[in-house]
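Heads up: the structure comes next, in structure tokens.
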Amino acid sequence: MNHSRRVLLVALLGALLAAYALRLQQLGAQSFWYDETVTVYLANQSISGLIAHTARDIHPPLYYLLLHFWVGFMGVSEFAVSYFSLLWGLLLIASSFTLARWLDGRQVALLTVALLALSPFNIWYSQEARMYTMGATLGLWTLLALWQLLRGRRMKKRWMILWLVSAVAGLYTLYYFAFLLLWEAFFVAWWLWRESNPRERWQRWTLLATLLLLLWSPWLPTALHQATTPPVPPWRTAVSPPRMFIETLSALALGQSVDHQLIWPLIALLVPVMLGGLI
């Protein structure tokens, strides 16, 4: 290992340790809120009972199934259950480093890791006993595989398997995962349209899409029923697009726990920084 690689590895490990320390701070200090109590309740059910309950709920079962085995060894304390999300949050950061390095080199990769390590939004969900960091990590793995499948001369089987497993697992974890896969489908179509002889790639992507639908088909009727007849009423009224933009920007840049009275002053401070980063 040459000197530059050692420096890169040390920097990455340092960022991951800092991220771990930030997420470990006060982990489990607060009691579970309602959604997290549902998480613990489902994780403590039998496998058949868990699947039957999620079929009447608003989320698919994979996260709860994995957590079922996790709490069997680690217990159901606030710390133990939330630690499962923390681990997925760290995997998300490490995977982001890999994707950023492939796309734009080491410096951008380290900057990406640093921003994610300090991200209030990422820290928040890495400490919450819900499926969001797991879903985000699986989504990032599909992007890692997608990049390798598109940029290489041949679609290697290991990347095809990674994409398929991550995509199936993502759909069984979070329904919103379908929007990411839809975007990936459009991107693949655009990419292959630009190629001179894409026939073999079209065939392989068609095979992957077919396998994905087959593997998700056992749950598809349940998903369609939940989408058209939600078992839980909306928890808030629809918001205007400007309000949606502000809330999204605030959550991603400032986190979920900022006092609403401070949002506008803090955003006003952030906008020049964001514009400076674009220059």
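How things are named: the first chain in the structure tokens is A, the next is B, and so on; residues count from 1 in each chain; ligands count from 1 in the order shown.
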
Residues of region 1-241 of chain A in alpha helix (DSSP H) according to DSSP, as a ChimeraX atom specification? /A:3-24,34-43,47-54,62-74,78-104,106-118,120-126,132-151,157-171,177-194,199-216,220-228,241

Give me the residues within 12 Å of Ala29 (chain A) as number ranges by chain, counting only C-alpha atoms and dropping any in the same chain fewer than 5 places off. A: 23-24, 77-80, 82-83, 127-128

Neighbouring residues of region 45-56 of chain A were defined as those with any atom within 8 Å, considering only C-alpha atoms; residues of the same chain fewer than 2 positions away were excluded. Please report them as a PyMOL selection string. chain A and resi 41-43+58-61+64-65+68+222+226+231

Selection file, N, CA and C atoms, as a short mmCIF file (atom, residue, chain, number, x, y, z; two decimals), in the first residue's frame:
```cif
data_model
loop_
_atom_site.label_atom_id
_atom_site.label_comp_id
_atom_site.auth_asym_id
_atom_site.auth_seq_id
_atom_site.Cartn_x
_atom_site.Cartn_y
_atom_site.Cartn_z
N TYR A 41 -42.73 -3.47 18.88
CA TYR A 41 -43.85 -4.42 18.97
C TYR A 41 -43.75 -5.47 17.86
N LEU A 42 -43.52 -5.02 16.63
CA LEU A 42 -43.45 -5.95 15.50
C LEU A 42 -42.22 -6.85 15.59
N ALA A 43 -41.10 -6.29 16.02
CA ALA A 43 -39.88 -7.09 16.12
C ALA A 43 -40.02 -8.21 17.14
N ILE A 58 -48.42 -0.01 6.86
CA ILE A 58 -48.05 0.87 5.75
C ILE A 58 -46.62 0.65 5.29
N HIS A 59 -45.92 -0.33 5.86
CA HIS A 59 -44.55 -0.62 5.46
C HIS A 59 -44.38 -2.11 5.21
N PRO A 60 -43.52 -2.48 4.27
CA PRO A 60 -43.24 -3.90 4.04
C PRO A 60 -42.41 -4.50 5.18
N PRO A 61 -42.17 -5.82 5.18
CA PRO A 61 -41.73 -6.48 6.41
C PRO A 61 -40.23 -6.68 6.61
N TYR A 64 -38.37 -5.19 9.73
CA TYR A 64 -38.86 -5.78 10.98
C TYR A 64 -38.37 -7.22 11.14
N LEU A 65 -38.27 -7.95 10.03
CA LEU A 65 -37.78 -9.32 10.10
C LEU A 65 -36.33 -9.36 10.55
N HIS A 68 -36.15 -8.46 14.13
CA HIS A 68 -36.64 -9.56 14.96
C HIS A 68 -35.48 -10.42 15.44
N THR A 222 -50.33 -6.98 -1.95
CA THR A 222 -50.43 -6.28 -0.66
C THR A 222 -50.01 -4.82 -0.81
N GLN A 226 -52.32 -1.52 -0.15
CA GLN A 226 -51.95 -0.49 0.83
C GLN A 226 -51.82 0.88 0.17
N PRO A 231 -54.14 1.97 5.26
CA PRO A 231 -54.73 1.57 6.54
C PRO A 231 -54.63 2.64 7.62
#
```

At a cut-off of 10 Å, using only C-alpha atoms, what residues contact Leu144 (chain A)? Leave out same-chain residues fewer than 2 positions from it and give the result as a VMD selection string. chain A and resid 95 to 96 98 to 100 102 138 to 142 146 to 149 159 162 to 163

Restrict the selected residues to N, CA and C atoms and save them as a tab-separated table (two decimals), in the first residue's frame.
```
chain	number	residue	atom	x	y	z
A	95	SER	N	-20.41	3.52	2.03
A	95	SER	CA	-20.81	3.27	0.65
A	95	SER	C	-20.81	4.56	-0.17
A	96	SER	N	-21.17	5.67	0.47
A	96	SER	CA	-21.15	6.96	-0.21
A	96	SER	C	-19.73	7.34	-0.61
A	98	THR	N	-17.37	5.27	-1.49
A	98	THR	CA	-17.04	4.47	-2.68
A	98	THR	C	-17.66	5.07	-3.94
A	99	LEU	N	-18.94	5.41	-3.87
A	99	LEU	CA	-19.61	5.96	-5.06
A	99	LEU	C	-19.01	7.30	-5.45
A	100	ALA	N	-18.76	8.17	-4.47
A	100	ALA	CA	-18.19	9.48	-4.77
A	100	ALA	C	-16.78	9.35	-5.36
A	102	TRP	N	-15.65	6.84	-7.15
A	102	TRP	CA	-15.80	6.39	-8.54
A	102	TRP	C	-16.21	7.53	-9.46
A	138	LEU	N	-29.49	0.53	1.10
A	138	LEU	CA	-29.82	-0.37	0.00
A	138	LEU	C	-29.95	0.39	-1.32
A	139	GLY	N	-30.53	1.58	-1.27
A	139	GLY	CA	-30.63	2.40	-2.46
A	139	GLY	C	-29.27	2.79	-3.00
A	140	LEU	N	-28.36	3.13	-2.10
A	140	LEU	CA	-27.01	3.49	-2.53
A	140	LEU	C	-26.29	2.30	-3.15
A	141	TRP	N	-26.55	1.11	-2.62
A	141	TRP	CA	-25.94	-0.08	-3.22
A	141	TRP	C	-26.44	-0.33	-4.63
A	142	THR	N	-27.71	-0.03	-4.90
A	142	THR	CA	-28.19	-0.16	-6.28
A	142	THR	C	-27.47	0.83	-7.19
A	146	LEU	N	-25.29	-0.02	-10.34
A	146	LEU	CA	-25.73	0.60	-11.59
A	146	LEU	C	-24.55	1.24	-12.32
A	147	TRP	N	-23.74	1.97	-11.58
A	147	TRP	CA	-22.60	2.64	-12.20
A	147	TRP	C	-21.63	1.64	-12.82
A	148	GLN	N	-21.35	0.56	-12.11
A	148	GLN	CA	-20.44	-0.45	-12.65
A	148	GLN	C	-21.05	-1.16	-13.86
A	149	LEU	N	-22.33	-1.40	-13.83
A	149	LEU	CA	-22.99	-2.08	-14.94
A	149	LEU	C	-23.04	-1.23	-16.20
A	159	TRP	N	-22.04	-7.57	-10.16
A	159	TRP	CA	-22.76	-6.30	-10.06
A	159	TRP	C	-24.23	-6.48	-10.37
A	162	LEU	N	-25.60	-7.84	-7.13
A	162	LEU	CA	-25.70	-6.79	-6.11
A	162	LEU	C	-26.90	-5.89	-6.39
A	163	TRP	N	-27.07	-5.50	-7.65
A	163	TRP	CA	-28.21	-4.63	-7.97
A	163	TRP	C	-29.52	-5.32	-7.68
```

Which distance in Å separates CA of Gln30 (chain A) and CA of Ser85 (chain A), to one decimal?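 We find that CA of Gln30 (chain A) and CA of Ser85 (chain A) lie 15.2 Å from each other.
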
Quick one: pull the distance between CA of Met160 (chain A) and CA of Leu87 (chain A), Å, one decimal.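 Separating CA of Met160 (chain A) from CA of Leu87 (chain A) is a distance of 24.8 Å.
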
Near-Tyr20 (chain A) list (9 Å; only C-alpha atoms; drop same-chain fewer than 5 positions) as a list in words: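 With the cut-off at 9 Å, the set is Ala15, Gln25, Leu86, Leu87, Gly89, Leu90 and Ala117 of chain A.
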
Residue with smallest distance to Tyr175 (chain A) - pool A:Leu62, A:Ala94, A:Leu67, A:Leu192, counting only C-alpha atoms: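 Selected residue with least distance to Tyr175 (chain A): A:Leu62.
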